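Undergrad: Below is a structure I'd like to ask you about.
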Number of protein chains: 2
Amino acid sequence: MSKISTESYKGVRDFYPEEKFIQKHLFAAMRKTVESFGYVEYDASVLEPAELYRAKSGEEIVNEQTYTFTDRGDREVTLRPEMTPTVARMVASRQHDLTFPLRWYSIPNLFRYEKPQRGRLREHWQLNVDMFGASGISADIELITVGYTLMKNLGATDTDFIIKVNSRTLMTDLFALFSLDDDQSHKTSKLLDRKNKISESDFQTALNDIMGDNWKDFERLITSQERLMEKLEHTDSAKEIITLLESLIRQGIKNVEFDPTIMRGFDYYTGIVFEFFDTSPENNRSLFGGGRYDDLLDMFGARKMPTVGFGMGDVTAQDFLQTHNLLPAYQSSTDLFICLLASEYEAHADDLAKTLRTKGLNVAVNYSYKKIGDQIKVADKQKVPYIIAIGENEATSNTYTLKKLDTGEETRGDVDTIVSTIEAKK
Amino acid sequence: MSKISTESYKGVRDFYPEEKFIQKHLFAAMRKTVESFGYVEYDASVLEPAELYRAKSGEEIVNEQTYTFTDRGDREVTLRPEMTPTVARMVASRQHDLTFPLRWYSIPNLFRYEKPQRGRLREHWQLNVDMFGASGISADIELITVGYTLMKNLGATDTDFIIKVNSRTLMTDLFALFSLDDDQSHKTSKLLDRKNKISESDFQTALNDIMGDNWKDFERLITSQERLMEKLEHTDSAKEIITLLESLIRQGIKNVEFDPTIMRGFDYYTGIVFEFFDTSPENNRSLFGGGRYDDLLDMFGARKMPTVGFGMGDVTAQDFLQTHNLLPAYQSSTDLFICLLASEYEAHADDLAKTLRTKGLNVAVNYSYKKIGDQIKVADKQKVPYIIAIGENEATSNTYTLKKLDTGEETRGDVDTIVSTIEAKK
């Protein structure tokens, strides 16, 4: 038989226990944070009808940037590239049974067909948090607060990241002030989105190309929050973003700023948009973002549904944690490894393990009957923190020597001593 | 714009919070149980190179029963139909770095391309538990004990299910006793596997067809454990299965029996095989099973790896729990819903929610400013157990009335009273 490769498929990851541990740490912080704000978990299959993406993204993007294939029943199927169309489908399907505001979250895996590179894999996981049916600015404030709290729960400090916010409506009001038509507005949006990636003179030239002589006034406004807000103070959109910033600051969230270059790539945003950035020089980039999208249920013929949400990808989050030294060291979920000196003590070891398990410990028994040194090596390599060896003495006395492998520290005692010693160190 | 359907793809499930709650309950019991025995979690992508399945299953099965497609790099990709080839690949890839025995588990989603029917969907999840690098019978005993403990942790009693065990080696020894050749042995295995689905006379006729006049002696043996064991008592396989049964019974697992008709469909089993059956008349069927497979790493050209494992599917498990009335009632992960009587109390509500969250409660704030009755209806419909309403009185006194929605019970007090009241009822 010819040998089969042990490589995984291109652009996806195997999660050995060490990598799964990191993912579980990240997901646990995500769940804890969003549930503390009242979000409940939903889920769906990774397989979706391709038409769900064609309407918004167009034929070409679906065909070229997603995994789409035809099943034997002639259905076009896509491996979901994002979760928003799925959750919109689910909400639209039951909009008359569900009650609003609805706080939902999920941590789906998503697929995109592209060349794998740092921070961009073909499969990644993404926390999706959304509040459906909430039109007021309080929802936008909450979602930014959720993102901020999640960063803090992951161990980040206020200087590790900055939150930049903008408003699509405010930009529309600004474009109106300059009498820009749809095409000019669209071009200006794209240009603002690129502003930090191009030189100042390139930006000015492009702005001039779009709006002519007005470009200087326009640039003067967008480079000063004060001037822009003063100019637009009569608009609801300016009032809204000021309320938002004031409310966040009142709640102690001070690493937040208004930034008119935050546009967010997706066309579906309709109001406030926000983006969290890493402040470290070596990883200075967008971490995650979101905003308000009120028209997403339209494609299902469902009623309007004001919604605010954001998505945080696992690869970007892990890069951030690594850059800032916030990744926890791997630790086995197993607390204790019982080594057996001979097979006649097996029944004793099984009974001891059973008792310890009912008391809440995770206990593995080694039935290899290898030399004790070899058994300890296995425990050590697998990062199990404690061991016990069972021989004649232990089996007759019910007294054990609990050894902590990293320090060599030993504790002698009965079952309760084992439990209390291990629990105290957790 | 034409309307897009809100239906999910055929044969897969949407998990609204109520369904996700059940799945989380099941997965939590799985994780708790297997981790208590020292198994650690691993994971992988749902996408695998198709060659991983062709070697074992053959071209036809891969093409017709799995989701397999060609990517734009001309790679054949399969949505994994089972986890065992994946975990074998991962172990083979690092067999020189890993230490054994290795206890690993995962709860992957699996895909098969077939007509959806009750208990058989196109996507399901499956707990996979394996001990790698353990050749002795103690490993087989442990895996059966893990399965038993999981059933108990899910709320099952000993009369709700029965564990049937057999040994592939024992059957090989039995076939040798009757001088059956490979073809006869294979046919007899298949026939035994079908024994409980066909009539006694059909079974006897088929047995006669395979082995001629010897069929009566053969049938006499396989219908009596005593006679069979007496006849084969000189073999290691008989000694092994007796050790296994005695050890399980000693540990208090009494709903276990030897059954020579348990063959398990997969060709890769090489020793002990076992299957858990529901005993209820209306759901009398196999729940899950597993066994020993020692040759699985061969296809990677890796060294022999004695392994015991089992897999438990979520759909079958949920059917079992439903049949035996063991499904928990849905409860929101949100503890408390704060209703606001007017927008001027929003800052007070936000601060209160923040304090309660730091004390471990999951708290949602309703910013809709609808009538209090309407706000309570939302909390009730979303199965949030407690509400508080914030008005002038509460905002100035910091004293709140906590209402439990199902009983109408009210408790008046400060922040600490709220926390202790809710925690006491959890």
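Lettering and numbering for the structure tokens are positional, with chains as A, B, ... in the shown order, residues counted from 1 in each chain, and ligands counted from 1 in the shown order.
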With 6 Å as the limit and counting only C-alpha atoms, what residues in chain B lie close to chain A? Please list them as number ranges by chain.
TA: B: 3-4, 6, 9, 14-17, 20, 35-38, 41-44, 48-49, 89, 93, 99, 299-301, 334, 357, 362-364, 378
Undergrad: Leaving out Phe161 in chain A and any residue of its chain fewer than 4 positions from it, which residues lie within 6 Å of it when counting only C-alpha atoms, given as a list in words?
TA: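 The residues that qualify are Phe277, Asp278 and Thr279 of chain A.
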Undergrad: Write the selection just made, keeping C-alpha atoms, as a CSV table (one decimal), in the first residue's frame?
TA:
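What ended up in again-v4.csv:
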chain,number,residue,atom,x,y,z
A,277,PHE,CA,-6.9,48.6,16.6
A,278,ASP,CA,-3.8,47.1,18.1
A,279,THR,CA,-1.6,50.0,19.3
Undergrad: Ile222 in chain A: which residues within 10 Å, counting only C-alpha atoms, same-chain residues fewer than 5 positions away excluded, as a list in words?
TA: Met171, Leu174, Leu192, Asp217, Arg227, Leu228, Met229, Asp259, Pro260 and Thr261 of chain A
Undergrad: May I have all residues of range 280-360 of chain A that DSSP, computed from the backbone, assigns to alpha helix (DSSP H), given as a PyMOL selection string?
TA: chain A and resi 314-323+346-358
Undergrad: For Asp236 in chain B, find every residue with an atom within 10 Å (counting only C-alpha atoms), except residues of its own chain fewer than 6 positions away, and show them as a count of residues only.
TA: 4
Undergrad: Go ahead and compute the interatomic distance for CA of Leu79 in chain A and CA of Gly147 in chain A, in Å to one decimal.
TA: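 Separation of CA of Leu79 in chain A and CA of Gly147 in chain A: 26.7 Å.
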Undergrad: Show which residues sit within 12 Å of Asp209 in chain B, as a list in words. Count only C-alpha atoms, and ignore same-chain residues fewer than 4 positions away.
TA: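 Here the answer would be Gln184, Lys187, Thr188, Leu191, Asp202, Phe203, Gln204, Thr205, Asp213, Asn214, Trp215 and Lys216 of chain B.
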Undergrad: What is the CA of Leu402 in chain B to CA of Tyr330 in chain B distance in Å?
TA: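 Pair CA of Leu402 in chain B / CA of Tyr330 in chain B returns 21.3 Å.
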Undergrad: Would you pick out the contacts of Leu296 in chain B at 9 Å or less, using only C-alpha atoms, so that residues sharing its chain but fewer than 4 positions from it are not included, and give the list as a ChimeraX atom specification?
TA: /B:84-85,88,268,300,304-307
Undergrad: Go ahead and save the picked residues with C-alpha atoms, as a short mmCIF file (atom, residue, chain, number, x, y, z; two decimals), in the first residue's frame.
TA:
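Dumped everything to part_31.cif:
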data_model
loop_
_atom_site.label_atom_id
_atom_site.label_comp_id
_atom_site.auth_asym_id
_atom_site.auth_seq_id
_atom_site.Cartn_x
_atom_site.Cartn_y
_atom_site.Cartn_z
CA THR B 84 -11.03 8.39 12.99
CA PRO B 85 -8.95 8.89 9.80
CA ALA B 88 -5.04 8.70 12.96
CA TYR B 268 -10.89 -1.99 11.06
CA PHE B 300 0.53 6.35 6.85
CA LYS B 304 1.67 -0.10 14.88
CA MET B 305 -0.48 1.71 17.38
CA PRO B 306 -2.81 -0.32 19.62
CA THR B 307 -5.93 1.81 20.07
#
Undergrad: Would you kindly return, as a list in words, each protein, DNA or RNA residue with an atom no farther than 12 Å from any atom of Ser179 in chain A, considering only C-alpha atoms and excluding same-chain residues fewer than 6 positions away?
TA: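 Result of the neighbour search: Thr172, Asp173, Ser185, Ile210, Met211, Gly212, Asn214 and Phe218 of chain A.
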Undergrad: Taking C-alpha atoms for each residue, export the selection above as a short mmCIF file (atom, residue, chain, number, x, y, z; two decimals), in the first residue's frame.
TA:
data_model
loop_
_atom_site.label_atom_id
_atom_site.label_comp_id
_atom_site.auth_asym_id
_atom_site.auth_seq_id
_atom_site.Cartn_x
_atom_site.Cartn_y
_atom_site.Cartn_z
CA THR A 172 -23.63 61.16 4.26
CA ASP A 173 -24.47 64.47 5.93
CA SER A 185 -19.81 59.98 -2.32
CA ILE A 210 -13.31 63.71 -7.01
CA MET A 211 -14.60 67.09 -5.82
CA GLY A 212 -12.45 69.77 -7.43
CA ASN A 214 -13.62 72.01 -2.51
CA PHE A 218 -13.18 68.93 2.96
#
Undergrad: Residues of range 183-314 of chain B classed as strand (DSSP E) by DSSP on the backbone are to be reported as a PyMOL selection string.
TA: chain B and resi 256-258+272-278+286-292+307-313
Undergrad: Using N, CA and C atoms, can you export the residues from the last selection as a CSV table (one decimal), in the first residue's frame?
TA:
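Just written: out35.csv:
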chain,number,residue,atom,x,y,z
B,256,VAL,N,-24.2,-5.3,31.5
B,256,VAL,CA,-23.3,-5.6,30.4
B,256,VAL,C,-23.4,-7.1,30.2
B,257,GLU,N,-23.4,-7.5,28.9
B,257,GLU,CA,-23.5,-8.9,28.5
B,257,GLU,C,-22.6,-9.2,27.3
B,258,PHE,N,-22.2,-10.5,27.3
B,258,PHE,CA,-21.5,-11.0,26.1
B,258,PHE,C,-22.5,-11.3,25.0
B,272,ILE,N,-11.6,-6.5,21.0
B,272,ILE,CA,-12.9,-6.3,21.7
B,272,ILE,C,-13.7,-5.2,20.9
B,273,VAL,N,-15.0,-5.5,20.8
B,273,VAL,CA,-16.0,-4.6,20.2
B,273,VAL,C,-17.2,-4.5,21.2
B,274,PHE,N,-17.8,-3.3,21.3
B,274,PHE,CA,-18.9,-3.1,22.2
B,274,PHE,C,-19.9,-2.2,21.6
B,275,GLU,N,-21.1,-2.3,22.1
B,275,GLU,CA,-22.2,-1.5,21.6
B,275,GLU,C,-23.2,-1.2,22.7
B,276,PHE,N,-23.6,0.0,22.9
B,276,PHE,CA,-24.6,0.4,23.9
B,276,PHE,C,-26.0,0.4,23.2
B,277,PHE,N,-27.0,-0.3,23.8
B,277,PHE,CA,-28.3,-0.3,23.3
B,277,PHE,C,-29.3,0.3,24.2
B,278,ASP,N,-30.3,1.0,23.7
B,278,ASP,CA,-31.4,1.5,24.4
B,278,ASP,C,-32.3,0.3,24.7
B,286,SER,N,-29.3,0.5,18.7
B,286,SER,CA,-28.0,0.8,19.1
B,286,SER,C,-27.8,2.3,19.3
B,287,LEU,N,-27.2,2.7,20.4
B,287,LEU,CA,-26.9,4.1,20.7
B,287,LEU,C,-25.6,4.5,20.3
B,288,PHE,N,-24.6,3.7,20.6
B,288,PHE,CA,-23.2,4.0,20.1
B,288,PHE,C,-22.3,2.8,20.4
B,289,GLY,N,-21.1,2.8,19.9
B,289,GLY,CA,-20.3,1.7,20.1
B,289,GLY,C,-18.9,2.0,19.7
B,290,GLY,N,-18.0,1.0,19.9
B,290,GLY,CA,-16.6,1.2,19.5
B,290,GLY,C,-15.9,-0.1,19.7
B,291,GLY,N,-14.6,0.0,19.9
B,291,GLY,CA,-13.8,-1.2,20.1
B,291,GLY,C,-12.3,-0.9,19.8
B,292,ARG,N,-11.6,-2.0,19.6
B,292,ARG,CA,-10.1,-1.9,19.5
B,292,ARG,C,-9.8,-2.0,18.0
B,307,THR,N,-5.0,0.7,19.8
B,307,THR,CA,-5.9,1.8,20.1
B,307,THR,C,-7.3,1.3,20.4
B,308,VAL,N,-8.0,1.9,21.4
B,308,VAL,CA,-9.4,1.6,21.7
B,308,VAL,C,-10.1,2.9,21.7
B,309,GLY,N,-11.3,2.9,21.1
B,309,GLY,CA,-12.1,4.1,21.1
B,309,GLY,C,-13.6,3.9,20.8
B,310,PHE,N,-14.4,4.9,21.0
B,310,PHE,CA,-15.8,4.9,20.6
B,310,PHE,C,-16.2,6.2,20.1
B,311,GLY,N,-17.4,6.2,19.5
B,311,GLY,CA,-18.0,7.5,19.0
B,311,GLY,C,-19.4,7.5,19.3
B,312,MET,N,-19.9,8.7,19.8
B,312,MET,CA,-21.3,8.8,20.2
B,312,MET,C,-21.9,10.0,19.5
B,313,GLY,N,-22.9,9.8,18.6
B,313,GLY,CA,-23.5,10.8,17.8
B,313,GLY,C,-24.5,11.6,18.6
